[in-house]
Amino acid sequence: MTEQDFILKDYTTIIESGKVKWEAPSNIALVKYWGKRENQIPENPSISFTLSNCKTITEVTYTKKQGYNFSFDVIFEGEKNEAFKPKIQTFFERIEAYVPFLRDYHFTIETSNTFPHSSGIASSASGMSALALCLMSIEEDLGIDHSADYFNKKASFLARLGSGSACRSIEGELVVWGQNDVTESSDLFGVKFEGAIHPNFQEYQDAILLVDKGEKQVSSTVGHKLMYGHPFAKKRFAQAHENLSELRDVLISGNQKRLIEIVESEALTLHAMMMTSMPYFILMKPNTLEIINKIWQFRKDTGLHVCFTLDAGANVHVLFPKTEAEKVYEFIKSQLVVYCQNGHYICDSVGKGAKRLAHLPAK
Ligand code: DP6
């Protein structure tokens with residue numbers, strides 16, 4: 001498929017108003033997206049677990065308007081929010097060719113997260129995917145009939161233009177984004193991992209340890225730019241291809257030891273890229289390292305299959321199979337909680353993707 005396939009051509013705006021509502025999850029990458037080209041095209045393929053509990057719930061009310069400019073209000077957790085508007089304005093500018101009705105309606109976007117805003121958990125993936133899904137439902141309200149497959153692909157395509165990783169937040173449980181030789185994929189949208197996931201990796205758990213709840217030190221937009229002219233960029237992009245290729249086999253064969261090695265190496269490589277860019281950053285905190293060392297020791301002592309991954313920040317995602325959940329949560333409570341800010345952590349697990357919520361018929 002190409003960009004052309006997502007351009008909405010024939011539609012009417014006889015509908016005066018309506019309301020749509022979606023919830024969309026966050027996701028955690030196993031092979032990381034870090035580095036992008038023009039138009040949100042990733043430099044390398046990535047794969048992520050869709051989460052279940054960390055999600056954004058968004059309701060969009062649309063009303064026919066006059067005039068050419070975009071018109072929208074954002075209400076975040078019950079209060080009018082100006083801070084999110086520039087990001088949504090940019091999003092609308094990037095996607096208007098594909099959803100031209102954006103100029104025909106005023107939108108009231110009411111949104112909230114199930115996780116605390118100041119948790120250091122990025123809400124852009126779940127937020128942009130929830131909004132993209134609402135726009136797809138409005139497209140349907142306007143009389144456009146889609147197959148479920150096209151609906152998901154276009155929602156993911158639009159979400160990507162809001163935030164790259166958001167394109168992996170439409171479906172579950174594992175989603176691949178970015179051209180590669182071993183899985184069905186595209187640079188334009190995320191697709192469900194097509195292999196049969198081994199029972200070892202089904203219902204995987206993710207305990208998110210909140211080490212630093214502050215604002216991100218480096219925004220992802222700035223972070224991705226650090227890969228331009230980065231001395232190790234070429235090798236890193238090639239490595240992501242190799243890791244995805246091997247992880248594909250591992251996810252099917254159930255090799256837990258190898259999954260752990262690939263996932264932890266990916267997390268540390270992501271941070272190594274930030275430490276070796278110009279300017280350079282250290283986004284881990286002392287407690288991030290304390291947690292990593294404790295996980296390694298615990299794994300050595302118990303033989304359990306617990307590992308960590310990181311995003312572009314200090315928080316630690318602790319990953320483990322459901323069958324080991326009781327023991328791992330015991331370990332988290334007794335040994336890791338002390339390293340979390342105010343003792344906070346979030347219990348999550350692999351989820352099945354976004355869900356449409358109550359939807360009033362259009363008038
Ligand atoms: C480290 O998707 O937040 O989480 O496309 O600029 O919005 P933009 O970036 P974003 O980058 C996420 C990077 C990451 C790794 C990943 O999720 O693959």
# chains A, B, ... in the order shown; residues from 1 in each chain; ligands from 1
>>> select_by_dssp(residues="segment 19-193 of chain A", states="alpha helix (DSSP H)", output="ChimeraX atom specification")
/A:85-95,124-141,148-162
>>> closest_atom_pairs(of="chain A", to="ligand 1", cutoff="8 Å", atoms="only C-alpha atoms and all ligand atoms", output="Markdown table")
| residue | atom | partner | partner_atom_place_in_ligand_line | distance |
| --- | --- | --- | --- | --- |
| A:Asn27 | CA | ligand 1 | 17 (O) | 7.2 |
| A:Ile28 | CA | ligand 1 | 17 (O) | 6.1 |
| A:Ala29 | CA | ligand 1 | 18 (O) | 4.8 |
| A:Leu30 | CA | ligand 1 | 18 (O) | 7.5 |
| A:Val31 | CA | ligand 1 | 18 (O) | 6.6 |
| A:Lys32 | CA | ligand 1 | 18 (O) | 3.8 |
| A:Tyr33 | CA | ligand 1 | 18 (O) | 3.7 |
| A:Trp34 | CA | ligand 1 | 13 (C) | 5.6 |
| A:Lys36 | CA | ligand 1 | 5 (O) | 7.5 |
| A:Gln40 | CA | ligand 1 | 5 (O) | 6.2 |
| A:Ser46 | CA | ligand 1 | 18 (O) | 6.0 |
| A:Ile47 | CA | ligand 1 | 18 (O) | 7.3 |
| A:Ser48 | CA | ligand 1 | 18 (O) | 7.2 |
| A:Ala122 | CA | ligand 1 | 3 (O) | 7.2 |
| A:Ser124 | CA | ligand 1 | 3 (O) | 6.4 |
| A:Ala125 | CA | ligand 1 | 2 (O) | 6.4 |
| A:Arg160 | CA | ligand 1 | 5 (O) | 7.0 |
| A:Leu161 | CA | ligand 1 | 5 (O) | 7.6 |
| A:Gly162 | CA | ligand 1 | 7 (O) | 6.5 |
| A:Ser163 | CA | ligand 1 | 7 (O) | 3.3 |
| A:Gly164 | CA | ligand 1 | 5 (O) | 3.4 |
| A:Ser165 | CA | ligand 1 | 2 (O) | 3.6 |
| A:Ala166 | CA | ligand 1 | 2 (O) | 6.1 |
| A:Ser219 | CA | ligand 1 | 6 (O) | 7.7 |
| A:Ser220 | CA | ligand 1 | 9 (O) | 4.7 |
| A:Thr221 | CA | ligand 1 | 6 (O) | 4.0 |
| A:Val222 | CA | ligand 1 | 6 (O) | 7.6 |
| A:Gly223 | CA | ligand 1 | 6 (O) | 7.7 |
| A:His224 | CA | ligand 1 | 6 (O) | 6.5 |
| A:Leu270 | CA | ligand 1 | 1 (C) | 7.1 |
| A:Leu310 | CA | ligand 1 | 1 (C) | 7.6 |
| A:Asp311 | CA | ligand 1 | 1 (C) | 4.4 |
| A:Ala312 | CA | ligand 1 | 1 (C) | 4.5 |
>>> residues_around(residues="segment 346-356 of chain A", least_positions_apart="3", cutoff="10 Å", atoms="only C-alpha atoms", output="MDAnalysis selection string")
chainID A and resid 20:28 48:58 115:116 119 126 129:130 133:134 137 152 168:175 201:210 317:322 329 359
>>> residues_around(residues="Phe157 of chain A", least_positions_apart="5", cutoff="8 Å", atoms="only C-alpha atoms", output="PyMOL selection string")
chain A and resi 167+188-190
>>> residues_around(residues="segment 238-250 of chain A", least_positions_apart="3", cutoff="12 Å", atoms="only C-alpha atoms", output="ChimeraX atom specification")
/A:29-35,42-48,174-185,193-201,232-235,253-267,269-270
